[in-house]
>>> print(open('structure03.json').read())   # JSON, C-alpha atoms
[["chain", "number", "residue", "atom", "x", "y", "z"],
["A", 63, "MET", "CA", 2.10, -6.06, -10.19],
["A", 64, "THR", "CA", 2.98, -6.22, -6.50],
["A", 65, "GLU", "CA", 3.26, -3.44, -3.98],
["A", 66, "LEU", "CA", 6.69, -2.32, -2.84],
["A", 67, "THR", "CA", 8.11, -3.21, 0.55],
["A", 68, "PRO", "CA", 8.04, -0.21, 2.92],
["A", 69, "ASN", "CA", 11.21, 1.75, 3.55],
["A", 70, "PHE", "CA", 11.62, 1.64, 7.34],
["A", 71, "SER", "CA", 14.28, 4.37, 7.37],
["A", 72, "ALA", "CA", 13.42, 8.06, 7.50],
["A", 73, "PRO", "CA", 13.13, 9.64, 4.02],
["A", 74, "VAL", "CA", 15.70, 12.19, 2.94],
["A", 75, "LEU", "CA", 14.04, 15.61, 3.00],
["A", 76, "GLU", "CA", 16.70, 17.70, 1.31],
["A", 77, "PRO", "CA", 16.97, 17.42, -2.48],
["A", 78, "PRO", "CA", 19.97, 15.45, -3.76],
["A", 79, "ASP", "CA", 22.80, 16.40, -6.08],
["A", 80, "LEU", "CA", 20.89, 17.65, -9.11],
["A", 81, "ALA", "CA", 23.58, 16.31, -11.44],
["A", 82, "ASP", "CA", 22.97, 12.76, -10.16],
["A", 83, "THR", "CA", 19.91, 11.45, -12.01],
["A", 84, "SER", "CA", 19.79, 8.23, -10.02],
["A", 85, "ALA", "CA", 19.87, 10.11, -6.71],
["A", 86, "CYS", "CA", 17.15, 12.47, -7.93],
["A", 87, "LEU", "CA", 14.88, 9.58, -8.86],
["A", 88, "LYS", "CA", 15.50, 7.86, -5.54],
["A", 89, "TRP", "CA", 14.60, 11.10, -3.77],
["A", 90, "LEU", "CA", 11.41, 11.36, -5.83],
["A", 91, "ARG", "CA", 10.35, 7.82, -4.94],
["A", 92, "GLU", "CA", 10.59, 8.71, -1.25],
["A", 93, "ARG", "CA", 8.10, 11.56, -1.56],
["A", 94, "TYR", "CA", 4.56, 11.12, -0.35],
["A", 95, "MET", "CA", 1.52, 13.33, -0.84],
["A", 96, "LYS", "CA", -0.86, 13.42, 2.09],
["A", 97, "ASN", "CA", -4.41, 13.02, 0.78],
["A", 98, "ALA", "CA", -7.96, 12.15, 1.73],
["A", 99, "ARG", "CA", -7.00, 8.50, 2.15],
["A", 100, "ASP", "CA", -4.80, 9.42, 5.12],
["A", 101, "ILE", "CA", -7.76, 11.03, 6.85],
["A", 102, "ALA", "CA", -9.93, 7.98, 6.11],
["A", 103, "LEU", "CA", -7.27, 5.64, 7.51],
["A", 104, "ASP", "CA", -6.83, 7.73, 10.67],
["A", 105, "ASP", "CA", -10.59, 7.63, 11.21],
["A", 106, "ARG", "CA", -10.61, 3.85, 10.96],
["A", 107, "LEU", "CA", -7.60, 3.36, 13.21],
["A", 108, "LYS", "CA", -9.34, 5.39, 15.89],
["A", 109, "GLU", "CA", -12.22, 2.90, 15.70],
["A", 110, "ILE", "CA", -9.98, -0.05, 16.58],
["A", 111, "LEU", "CA", -7.10, 1.45, 18.63],
["A", 112, "GLU", "CA", -7.15, 3.28, 21.95],
["A", 113, "THR", "CA", -6.06, 6.93, 22.04],
["A", 114, "ASP", "CA", -4.28, 8.75, 24.85],
["A", 115, "ARG", "CA", -5.76, 11.71, 26.70],
["A", 116, "ASP", "CA", -4.45, 14.05, 23.98],
["A", 117, "GLY", "CA", -6.18, 12.07, 21.21],
["A", 118, "ASN", "CA", -3.01, 10.42, 19.89],
["A", 119, "LEU", "CA", -3.30, 6.89, 18.59],
["A", 120, "THR", "CA", -1.68, 4.24, 20.76],
["A", 121, "ALA", "CA", -0.71, 0.64, 20.01],
["A", 122, "VAL", "CA", -3.34, -0.68, 22.42],
["A", 123, "PRO", "CA", -6.21, -2.43, 20.61],
["A", 124, "GLN", "CA", -9.72, -1.57, 21.68],
["A", 125, "ARG", "CA", -11.54, -4.48, 23.31],
["A", 126, "ASN", "CA", -15.24, -4.68, 22.66],
["A", 127, "GLY", "CA", -18.16, -6.13, 24.55],
["A", 128, "LEU", "CA", -18.24, -8.83, 27.18],
["A", 129, "ILE", "CA", -16.01, -11.14, 25.15],
["A", 130, "GLN", "CA", -13.29, -8.47, 24.96],
["A", 131, "GLU", "CA", -12.20, -9.32, 21.40],
["A", 132, "VAL", "CA", -10.23, -6.91, 19.28],
["A", 133, "ARG", "CA", -11.07, -5.89, 15.76],
["A", 134, "GLY", "CA", -8.92, -5.45, 12.67],
["A", 135, "LEU", "CA", -8.62, -3.48, 9.46],
["A", 136, "LEU", "CA", -8.96, -4.73, 5.89],
["A", 137, "THR", "CA", -7.52, -2.37, 3.28],
["A", 138, "PHE", "CA", -8.02, -3.36, -0.34],
["A", 139, "GLY", "CA", -7.71, -1.96, -3.82],
["A", 140, "ASP", "CA", -6.21, -2.66, -7.19],
["A", 141, "SER", "CA", -2.47, -3.10, -7.60],
["A", 142, "ARG", "CA", -0.60, 0.20, -7.33],
["A", 143, "ASP", "CA", -3.51, 1.96, -5.63],
["A", 144, "GLY", "CA", -1.08, 2.86, -2.85],
["A", 145, "LYS", "CA", -2.15, 0.48, -0.06],
["A", 146, "THR", "CA", 1.34, -0.25, 1.22],
["A", 147, "ALA", "CA", 2.53, 3.36, 1.04],
["A", 148, "LEU", "CA", -0.58, 4.60, 2.82],
["A", 149, "LEU", "CA", -0.39, 2.14, 5.71],
["A", 150, "ALA", "CA", 3.39, 2.31, 6.09],
["A", 151, "ARG", "CA", 3.55, 6.09, 6.17],
["A", 152, "ASN", "CA", 0.81, 6.42, 8.75],
["A", 153, "LEU", "CA", 2.04, 3.66, 11.06],
["A", 154, "ILE", "CA", 5.64, 4.86, 10.90],
["A", 155, "ARG", "CA", 4.61, 8.43, 11.72],
["A", 156, "GLN", "CA", 2.56, 7.47, 14.79],
["A", 157, "PRO", "CA", 5.05, 7.94, 17.65],
["A", 158, "LEU", "CA", 3.20, 5.56, 19.98],
["A", 159, "ILE", "CA", 2.99, 2.81, 17.35],
["A", 160, "GLY", "CA", 5.84, 2.67, 14.84],
["A", 161, "LEU", "CA", 6.35, 0.03, 12.14],
["A", 162, "SER", "CA", 8.88, -2.77, 12.37],
["A", 163, "ASN", "CA", 10.16, -5.36, 9.92],
["A", 164, "GLY", "CA", 11.10, -7.59, 12.86],
["A", 165, "THR", "CA", 14.36, -5.88, 13.77],
["A", 166, "GLU", "CA", 13.37, -2.20, 13.74],
["A", 167, "PRO", "CA", 11.64, -0.76, 16.84],
["A", 168, "GLY", "CA", 7.88, -0.47, 16.69],
["A", 169, "ARG", "CA", 4.66, -1.99, 18.00],
["A", 170, "ALA", "CA", 3.30, -2.94, 14.56],
["A", 171, "LEU", "CA", 4.98, -5.82, 12.71],
["A", 172, "TYR", "CA", 5.04, -5.69, 8.91],
["A", 173, "ILE", "CA", 4.94, -9.03, 7.11],
["A", 174, "LYS", "CA", 4.87, -9.31, 3.32],
["A", 175, "THR", "CA", 2.95, -12.53, 2.79],
["A", 176, "PRO", "CA", 5.06, -14.96, 0.77],
["A", 177, "PRO", "CA", 3.47, -16.07, -2.52],
["A", 178, "ASP", "CA", 2.13, -19.62, -2.47],
["A", 179, "ALA", "CA", 2.96, -20.03, 1.23],
["A", 180, "SER", "CA", 0.84, -22.46, 3.21],
["A", 181, "LEU", "CA", -0.87, -21.33, 6.40],
["A", 182, "LYS", "CA", 1.89, -23.03, 8.34],
["A", 183, "GLY", "CA", 4.49, -21.49, 6.04],
["A", 184, "VAL", "CA", 3.25, -17.97, 6.83],
["A", 185, "ALA", "CA", 3.57, -18.71, 10.56],
["A", 186, "MET", "CA", 7.11, -20.01, 10.07],
["A", 187, "HIS", "CA", 7.94, -16.88, 8.05],
["A", 188, "ILE", "CA", 6.70, -14.63, 10.87],
["A", 189, "LEU", "CA", 8.73, -16.54, 13.44],
["A", 190, "LYS", "CA", 11.84, -16.20, 11.30],
["A", 191, "LYS", "CA", 11.28, -12.47, 10.77],
["A", 192, "THR", "CA", 11.04, -11.94, 14.53],
["A", 193, "GLY", "CA", 14.31, -13.76, 15.22],
["A", 194, "TYR", "CA", 12.83, -16.96, 16.62],
["A", 195, "PRO", "CA", 15.31, -19.82, 17.00],
["A", 196, "GLU", "CA", 15.08, -22.56, 14.42],
["A", 197, "VAL", "CA", 11.62, -24.12, 14.42],
["A", 198, "ASN", "CA", 11.06, -27.86, 14.19],
["A", 199, "PRO", "CA", 9.74, -28.38, 10.63],
["A", 200, "ARG", "CA", 7.40, -31.05, 12.00],
["A", 201, "ILE", "CA", 5.56, -28.56, 14.17],
["A", 202, "ARG", "CA", 1.81, -28.59, 13.61],
["A", 203, "THR", "CA", 0.10, -25.60, 12.03],
["A", 204, "HIS", "CA", -1.89, -24.62, 15.11],
["A", 205, "GLU", "CA", 1.20, -24.96, 17.28],
["A", 206, "ALA", "CA", 3.16, -22.70, 14.93],
["A", 207, "TRP", "CA", 0.48, -20.02, 15.07],
["A", 208, "ASP", "CA", 0.18, -20.28, 18.86],
["A", 209, "GLU", "CA", 3.93, -19.68, 18.96],
["A", 210, "VAL", "CA", 3.52, -16.67, 16.65],
["A", 211, "VAL", "CA", 1.04, -15.01, 19.01],
["A", 212, "HIS", "CA", 3.25, -15.75, 22.01],
["A", 213, "ARG", "CA", 6.31, -14.47, 20.17],
["A", 214, "LEU", "CA", 4.59, -11.24, 19.14],
["A", 215, "HIS", "CA", 3.60, -10.49, 22.71],
["A", 216, "MET", "CA", 7.07, -11.32, 23.99],
["A", 217, "ARG", "CA", 8.57, -8.89, 21.46],
["A", 218, "GLY", "CA", 6.04, -6.16, 22.32],
["A", 219, "PHE", "CA", 4.07, -6.28, 19.07],
["A", 220, "SER", "CA", 0.36, -5.58, 19.44],
["A", 221, "LEU", "CA", -0.41, -5.12, 15.71],
["A", 222, "LEU", "CA", 0.28, -7.58, 12.90],
["A", 223, "TRP", "CA", 0.10, -6.28, 9.33],
["A", 224, "LEU", "CA", -0.13, -8.97, 6.65],
["A", 225, "ASP", "CA", 0.51, -7.25, 3.32],
["A", 226, "GLU", "CA", -0.61, -8.99, 0.12],
["A", 227, "ALA", "CA", -2.72, -11.20, 2.38],
["A", 228, "HIS", "CA", -4.63, -12.57, -0.63],
["A", 229, "HIS", "CA", -1.67, -14.94, -1.14],
["A", 230, "MET", "CA", -2.78, -16.84, 1.96],
["A", 231, "PHE", "CA", -5.87, -18.04, 0.08],
["A", 232, "GLU", "CA", -4.17, -19.28, -3.06],
["A", 233, "ARG", "CA", -3.53, -22.83, -1.83],
["A", 234, "SER", "CA", -6.37, -25.17, -2.63],
["A", 235, "GLY", "CA", -8.37, -26.30, 0.38],
["A", 236, "GLU", "CA", -6.87, -23.89, 2.92],
["A", 237, "ALA", "CA", -9.26, -20.94, 2.71],
["A", 238, "LYS", "CA", -11.48, -22.03, 5.62],
["A", 239, "ALA", "CA", -8.48, -22.77, 7.83],
["A", 240, "VAL", "CA", -6.95, -19.37, 7.02],
["A", 241, "LEU", "CA", -10.18, -17.55, 7.88],
["A", 242, "ARG", "CA", -10.47, -19.43, 11.18],
["A", 243, "ARG", "CA", -6.89, -18.57, 12.03],
["A", 244, "LEU", "CA", -7.34, -14.88, 11.24],
["A", 245, "LYS", "CA", -10.35, -14.82, 13.55],
["A", 246, "ASN", "CA", -8.43, -16.65, 16.25],
["A", 247, "ILE", "CA", -5.60, -14.10, 16.21],
["A", 248, "MET", "CA", -8.08, -11.42, 17.29],
["A", 249, "GLN", "CA", -9.44, -13.47, 20.20],
["A", 250, "GLY", "CA", -8.33, -14.22, 23.75],
["A", 251, "ASP", "CA", -6.14, -12.55, 26.35],
["A", 252, "GLN", "CA", -3.26, -12.28, 23.89],
["A", 253, "ALA", "CA", -5.38, -11.02, 20.99],
["A", 254, "ILE", "CA", -3.48, -9.18, 18.26],
["A", 255, "LEU", "CA", -4.94, -6.36, 16.19],
["A", 256, "LEU", "CA", -4.81, -7.60, 12.61],
["A", 257, "ILE", "CA", -4.27, -5.43, 9.53],
["A", 258, "LEU", "CA", -4.82, -7.11, 6.17],
["A", 259, "SER", "CA", -4.08, -5.49, 2.83],
["A", 260, "GLY", "CA", -4.46, -6.84, -0.67],
["A", 261, "ILE", "CA", -6.35, -6.80, -3.92],
["A", 262, "PRO", "CA", -10.19, -6.71, -4.03],
["A", 263, "SER", "CA", -10.49, -10.50, -4.13],
["A", 264, "LEU", "CA", -9.19, -10.52, -0.54],
["A", 265, "ASP", "CA", -12.34, -8.77, 0.65],
["A", 266, "THR", "CA", -14.51, -11.13, -1.41],
["A", 267, "ILE", "CA", -12.94, -14.19, 0.21],
["A", 268, "VAL", "CA", -13.05, -12.81, 3.77],
["A", 269, "ARG", "CA", -16.78, -12.09, 3.40],
["A", 270, "ARG", "CA", -17.38, -15.82, 2.95],
["A", 271, "ASP", "CA", -16.92, -16.22, 6.70],
["A", 272, "PRO", "CA", -19.24, -13.80, 8.53],
["A", 273, "GLU", "CA", -17.57, -14.40, 11.90],
["A", 274, "THR", "CA", -14.20, -13.25, 10.57],
["A", 275, "SER", "CA", -15.61, -10.59, 8.29],
["A", 276, "GLU", "CA", -17.59, -8.81, 11.01],
["A", 277, "ARG", "CA", -14.43, -8.36, 13.07],
["A", 278, "LEU", "CA", -12.83, -6.25, 10.35],
["A", 279, "ILE", "CA", -13.56, -2.67, 9.38],
["A", 280, "ARG", "CA", -12.74, -1.78, 5.80],
["A", 281, "LEU", "CA", -10.92, 0.84, 3.80],
["A", 282, "ARG", "CA", -11.33, 0.52, 0.06],
["A", 283, "LEU", "CA", -8.90, 2.45, -2.10],
["A", 284, "GLY", "CA", -9.75, 3.56, -5.59],
["A", 285, "GLY", "CA", -8.81, 6.03, -8.26],
["A", 286, "LEU", "CA", -8.60, 9.80, -8.04],
["A", 287, "LYS", "CA", -11.93, 11.37, -7.12],
["A", 288, "GLY", "CA", -12.73, 14.41, -9.17],
["A", 289, "PRO", "CA", -10.91, 17.56, -10.25],
["A", 290, "GLY", "CA", -9.99, 18.53, -6.69],
["A", 291, "GLU", "CA", -7.78, 15.49, -6.13],
["A", 292, "ARG", "CA", -6.29, 15.85, -9.60],
["A", 293, "ALA", "CA", -5.40, 19.48, -8.87],
["A", 294, "ASP", "CA", -3.81, 18.55, -5.53],
["A", 295, "LEU", "CA", -1.75, 15.83, -7.17],
["A", 296, "LEU", "CA", -0.60, 18.14, -9.96],
["A", 297, "ARG", "CA", 0.59, 20.72, -7.41],
["A", 298, "PHE", "CA", 2.49, 18.00, -5.57],
["A", 299, "LEU", "CA", 4.16, 16.72, -8.74],
["A", 300, "LYS", "CA", 5.09, 20.22, -9.88],
["A", 301, "THR", "CA", 6.59, 20.98, -6.46],
["A", 302, "CYS", "CA", 8.67, 17.80, -6.61],
["A", 303, "GLY", "CA", 9.82, 18.81, -10.08],
["A", 304, "LEU", "CA", 10.83, 22.27, -8.89],
["A", 305, "MET", "CA", 12.98, 20.74, -6.14],
["A", 306, "ILE", "CA", 15.05, 18.84, -8.72],
["A", 307, "LYS", "CA", 14.79, 21.55, -11.39],
["A", 308, "VAL", "CA", 12.55, 19.57, -13.76],
["A", 309, "SER", "CA", 9.44, 21.13, -15.29],
["A", 310, "LEU", "CA", 6.29, 19.37, -16.45],
["A", 311, "PRO", "CA", 4.63, 20.11, -19.81],
["A", 312, "ASP", "CA", 2.57, 23.29, -19.95],
["A", 313, "ASP", "CA", -0.56, 21.37, -20.89],
["A", 314, "PRO", "CA", -3.87, 22.35, -19.24],
["A", 315, "HIS", "CA", -5.11, 18.76, -19.62],
["A", 316, "LEU", "CA", -2.02, 16.95, -18.33],
["A", 317, "MET", "CA", -3.80, 15.43, -15.33],
["A", 318, "GLU", "CA", -6.76, 14.33, -17.44],
["A", 319, "ARG", "CA", -4.32, 12.58, -19.78],
["A", 320, "LEU", "CA", -2.53, 10.92, -16.86],
["A", 321, "ASP", "CA", -5.81, 9.94, -15.21],
["A", 322, "PHE", "CA", -7.11, 8.35, -18.41],
["A", 323, "ALA", "CA", -3.82, 6.59, -19.23],
["A", 324, "ASN", "CA", -3.45, 5.06, -15.77],
["A", 325, "GLY", "CA", -7.04, 4.23, -14.91],
["A", 326, "GLY", "CA", -7.17, 6.88, -12.19],
["A", 327, "SER", "CA", -4.58, 5.02, -10.08],
["A", 328, "LEU", "CA", -2.69, 7.48, -7.89],
["A", 329, "GLY", "CA", 0.29, 5.14, -7.66],
["A", 330, "LEU", "CA", 0.53, 4.63, -11.43],
["A", 331, "ILE", "CA", 0.11, 8.34, -12.15],
["A", 332, "VAL", "CA", 3.00, 9.15, -9.81],
["A", 333, "GLU", "CA", 5.10, 6.33, -11.27],
["A", 334, "ASN", "CA", 4.35, 7.54, -14.81],
["A", 335, "THR", "CA", 5.42, 11.08, -13.89],
["A", 336, "TYR", "CA", 8.64, 10.05, -12.18],
["A", 337, "SER", "CA", 9.48, 7.85, -15.17],
["A", 338, "ALA", "CA", 8.95, 10.81, -17.50],
["A", 339, "MET", "CA", 11.13, 13.03, -15.31],
["A", 340, "GLY", "CA", 13.87, 10.42, -15.32],
["A", 341, "ARG", "CA", 13.70, 10.07, -19.09],
["A", 342, "ALA", "CA", 14.10, 13.84, -19.50],
["A", 343, "MET", "CA", 17.04, 13.99, -17.08],
["A", 344, "ARG", "CA", 18.85, 11.10, -18.75],
["A", 345, "ARG", "CA", 18.87, 12.92, -22.06],
["A", 346, "GLY", "CA", 20.23, 16.03, -20.34],
["A", 347, "ASP", "CA", 16.95, 17.94, -20.44],
["A", 348, "ARG", "CA", 15.06, 19.52, -17.57],
["A", 349, "SER", "CA", 11.78, 19.84, -19.47],
["A", 350, "VAL", "CA", 9.45, 16.85, -19.60],
["A", 351, "THR", "CA", 7.49, 16.33, -22.81],
["A", 352, "LEU", "CA", 4.24, 14.51, -23.49],
["A", 353, "ASP", "CA", 6.29, 11.95, -25.38],
["A", 354, "ASP", "CA", 8.19, 11.17, -22.16],
["A", 355, "PHE", "CA", 4.86, 10.18, -20.61],
["A", 356, "ALA", "CA", 3.90, 8.19, -23.71],
["A", 357, "LYS", "CA", 7.07, 6.08, -23.50],
["A", 358, "TYR", "CA", 6.01, 4.85, -20.07],
["A", 359, "ALA", "CA", 2.63, 3.74, -21.43],
["A", 360, "GLU", "CA", 4.33, 1.98, -24.33],
["A", 361, "GLN", "CA", 6.67, 0.06, -22.03],
["A", 362, "LYS", "CA", 4.12, -0.64, -19.31],
["A", 363, "LYS", "CA", 1.11, -1.54, -21.41],
["A", 364, "GLY", "CA", 2.45, -2.41, -24.82],
["A", 365, "TYR", "CA", 0.80, 0.41, -26.75],
["A", 366, "ALA", "CA", 3.72, 1.17, -29.06],
["A", 367, "ASP", "CA", 2.82, 2.59, -32.47],
["A", 368, "GLN", "CA", -0.76, 3.28, -31.35],
["A", 369, "GLU", "CA", -2.34, 6.66, -30.82],
["A", 370, "GLY", "CA", -2.67, 7.23, -27.09],
["A", 371, "PRO", "CA", -3.57, 9.88, -24.50],
["A", 372, "PHE", "CA", -0.26, 11.71, -24.78],
["A", 373, "GLU", "CA", -0.55, 12.57, -28.45],
["A", 374, "PRO", "CA", -0.21, 16.35, -28.97],
["A", 375, "GLY", "CA", -3.29, 18.34, -29.83],
["A", 376, "ASP", "CA", -6.71, 19.01, -28.37],
["A", 377, "TRP", "CA", -7.29, 16.59, -25.47],
["A", 378, "PRO", "CA", -11.13, 16.70, -25.34],
["A", 379, "THR", "CA", -11.28, 15.69, -29.01],
["A", 380, "LEU", "CA", -8.59, 13.02, -28.59],
["A", 381, "HIS", "CA", -10.33, 11.72, -25.49],
["A", 382, "LYS", "CA", -13.54, 11.07, -27.44],
["A", 383, "VAL", "CA", -11.64, 9.36, -30.24],
["A", 384, "LEU", "CA", -9.79, 7.07, -27.83],
["A", 385, "GLU", "CA", -12.98, 6.14, -25.99],
["A", 386, "GLN", "CA", -14.69, 5.32, -29.29],
["A", 387, "ARG", "CA", -11.79, 3.05, -30.16],
["A", 388, "GLY", "CA", -12.03, 1.29, -26.82],
["A", 389, "TRP", "CA", -8.63, 2.48, -25.63],
["A", 390, "THR", "CA", -8.00, 1.20, -22.09]]
>>> encode(input="structure03.json", output="C-alpha cells")
Amino acid sequence: MTELTPNFSAPVLEPPDLADTSACLKWLRERYMKNARDIALDDRLKEILETDRDGNLTAVPQRNGLIQEVRGLLTFGDSRDGKTALLARNLIRQPLIGLSNGTEPGRALYIKTPPDASLKGVAMHILKKTGYPEVNPRIRTHEAWDEVVHRLHMRGFSLLWLDEAHHMFERSGEAKAVLRRLKNIMQGDQAILLILSGIPSLDTIVRRDPETSERLIRLRLGGLKGPGERADLLRFLKTCGLMIKVSLPDDPHLMERLDFANGGSLGLIVENTYSAMGRAMRRGDRSVTLDDFAKYAEQKKGYADQEGPFEPGDWPTLHKVLEQRGWT
C-alpha cells in the first residue's frame, strides 16, 4: 500500500454540511493529530537546518566541517505509518520553508518517486515537475542530475524530498549509482538538503554505502507506544466524531481492539475509524458499532467469516483466544 500524495492546500477547519456524508469524510481525512513524532521530526530538522535568531527553522541547510557538506534526513517505516503526512504537515507549517509540488511556493520540493523509474528517469521527472523545457531524451544521466541541481537552485529550492525513495533501488544494477548520486546531491557549493522517505528496506539499502549513510540522520516510525498514545489518539478520534455528530462505541477496550487489528499503525487505526464512521453515516446512523470496524478488517485483510478483534464480549478473553489462534 502506498502513501498518499500531500494536499498542498490549506485544510478546511470548519466542519462541513453534516448531511453530506462525502464532505464529512473528506473533512475527516484532512484532520491531523499532533503527536510525539512531530517533536522527534522537529528535533532532527534542527540538526540539519539553520534556525533564525528566534529559533525558527529556516530553509538554509547547515554546512558541516571544512568540506562544508550538508546532511539529510531518512524517514522510514511500514506502509501507512504516516511518513508522508508527518513530513508534509511539518514542512508546510514552517513559514520559512513551505512545501511545493513544483508550482506551489515553498523552499522544499516534494517529489513522489515514480515506480520502476531509472535514475535518469527520476531526474527527468524532477525537471518536468519544476517546469523545465523539454529535455533531450539522449541526455546522459549525470548531465540530467547536474541540471536538476542547477534547476532547483534557480527556482529557490534548497530541500528536495524524495517520497517512496525505495523505488529508486528497484532496477537491477543501479543501486550503487543511486547511492553515489544521493551523496553527490549533498556536496558542493550548490548542495541540496535531501529528505528520503520510504519503507524499512530503504534504510537497509542506504546503509550499504557508509559514505552516503553517514550523511543522513534517521527517523524511524513505528506503531503506537503504550497506553498514553492510545489515549491521546482516542481523544482525537472522539473529538473529530463530535464535530460531525458521530459517536464511537462505548467500549473501554476500543483502542486495544484497534491497535491489535491494525498492528499498532497510527495511519491504519485512523483509516479504520474513518471507514467505520462513514459506514454508519451511509446507513443514516450517527452511532458507530464494533461491526462497522469489523467490516473494514474484512475488506482490507480478507478476514470475512472469521472471529476477529471486533467481536462483542470481553476483550481480554477474546485477545488471548485470537493470539492462540495466530490471528494477525
>>> atom_distance(input="structure03.json", atom1="CA of Ile173 in chain A", atom2="CA of Ile188 in chain A")
7.0 Å
>>> closest_residue(input="structure03.json", among="A:Leu158, A:Ala81, A:Ala206, A:Arg106", to="Asn118 in chain A", atoms="all atoms listed in the file")
A:Leu158
>>> closest_residue(input="structure03.json", among="A:Thr301, A:Ser263, A:Thr120, A:Gln386", to="Tyr94 in chain A", atoms="all atoms listed in the file")
A:Thr301
>>> closest_residue(input="structure03.json", among="A:Ile257, A:Leu80, A:Val268, A:Cys302", to="Met95 in chain A", atoms="only C-alpha atoms")
A:Cys302
>>> closest_residue(input="structure03.json", among="A:Asp347, A:Asp105, A:Asp225, A:Glu369", to="Pro68 in chain A", atoms="all atoms listed in the file")
A:Asp225
>>> atom_distance(input="structure03.json", atom1="CA of Ile110 in chain A", atom2="CA of Gln124 in chain A")
5.3 Å
>>> closest_residue(input="structure03.json", among="A:Lys363, A:Arg202, A:Lys307, A:Arg169", to="His215 in chain A", atoms="all atoms listed in the file")
A:Arg169
>>> residues_around(input="structure03.json", residues="Thr274 in chain A", least_positions_apart="6", cutoff="12 Å", atoms="only C-alpha atoms", output="PyMOL selection string")
chain A and resi 131-136+238-249+256+265+267-268
>>> write_last_selection(input="structure03.json", atoms="C-alpha atoms", output="PDB file, keeping the file's coordinate frame")
ATOM      1  CA  GLU A 131     -12.200  -9.320  21.400  1.00  0.00           C
ATOM      2  CA  VAL A 132     -10.230  -6.910  19.280  1.00  0.00           C
ATOM      3  CA  ARG A 133     -11.070  -5.890  15.760  1.00  0.00           C
ATOM      4  CA  GLY A 134      -8.920  -5.450  12.670  1.00  0.00           C
ATOM      5  CA  LEU A 135      -8.620  -3.480   9.460  1.00  0.00           C
ATOM      6  CA  LEU A 136      -8.960  -4.730   5.890  1.00  0.00           C
ATOM      7  CA  LYS A 238     -11.480 -22.030   5.620  1.00  0.00           C
ATOM      8  CA  ALA A 239      -8.480 -22.770   7.830  1.00  0.00           C
ATOM      9  CA  VAL A 240      -6.950 -19.370   7.020  1.00  0.00           C
ATOM     10  CA  LEU A 241     -10.180 -17.550   7.880  1.00  0.00           C
ATOM     11  CA  ARG A 242     -10.470 -19.430  11.180  1.00  0.00           C
ATOM     12  CA  ARG A 243      -6.890 -18.570  12.030  1.00  0.00           C
ATOM     13  CA  LEU A 244      -7.340 -14.880  11.240  1.00  0.00           C
ATOM     14  CA  LYS A 245     -10.350 -14.820  13.550  1.00  0.00           C
ATOM     15  CA  ASN A 246      -8.430 -16.650  16.250  1.00  0.00           C
ATOM     16  CA  ILE A 247      -5.600 -14.100  16.210  1.00  0.00           C
ATOM     17  CA  MET A 248      -8.080 -11.420  17.290  1.00  0.00           C
ATOM     18  CA  GLN A 249      -9.440 -13.470  20.200  1.00  0.00           C
ATOM     19  CA  LEU A 256      -4.810  -7.600  12.610  1.00  0.00           C
ATOM     20  CA  ASP A 265     -12.340  -8.770   0.650  1.00  0.00           C
ATOM     21  CA  ILE A 267     -12.940 -14.190   0.210  1.00  0.00           C
ATOM     22  CA  VAL A 268     -13.050 -12.810   3.770  1.00  0.00           C
TER      23      VAL A 268
END
>>> closest_residue(input="structure03.json", among="A:Ile154, A:Ala293, A:Leu264, A:Leu281", to="Pro314 in chain A", atoms="only C-alpha atoms")
A:Ala293
>>> atom_distance(input="structure03.json", atom1="CA of Tyr358 in chain A", atom2="CA of Asp100 in chain A")
27.8 Å
>>> residues_around(input="structure03.json", residues="Pro199 in chain A", least_positions_apart="4", cutoff="10 Å", atoms="all atoms listed in the file", output="list of chain:residue names")
A:Lys182, A:Gly183, A:Met186, A:Ala206
>>> residues_around(input="structure03.json", residues="Ile101 in chain A", least_positions_apart="5", cutoff="12 Å", atoms="all atoms listed in the file", output="PyMOL selection string")
chain A and resi 96+106-108+148-149+152+281
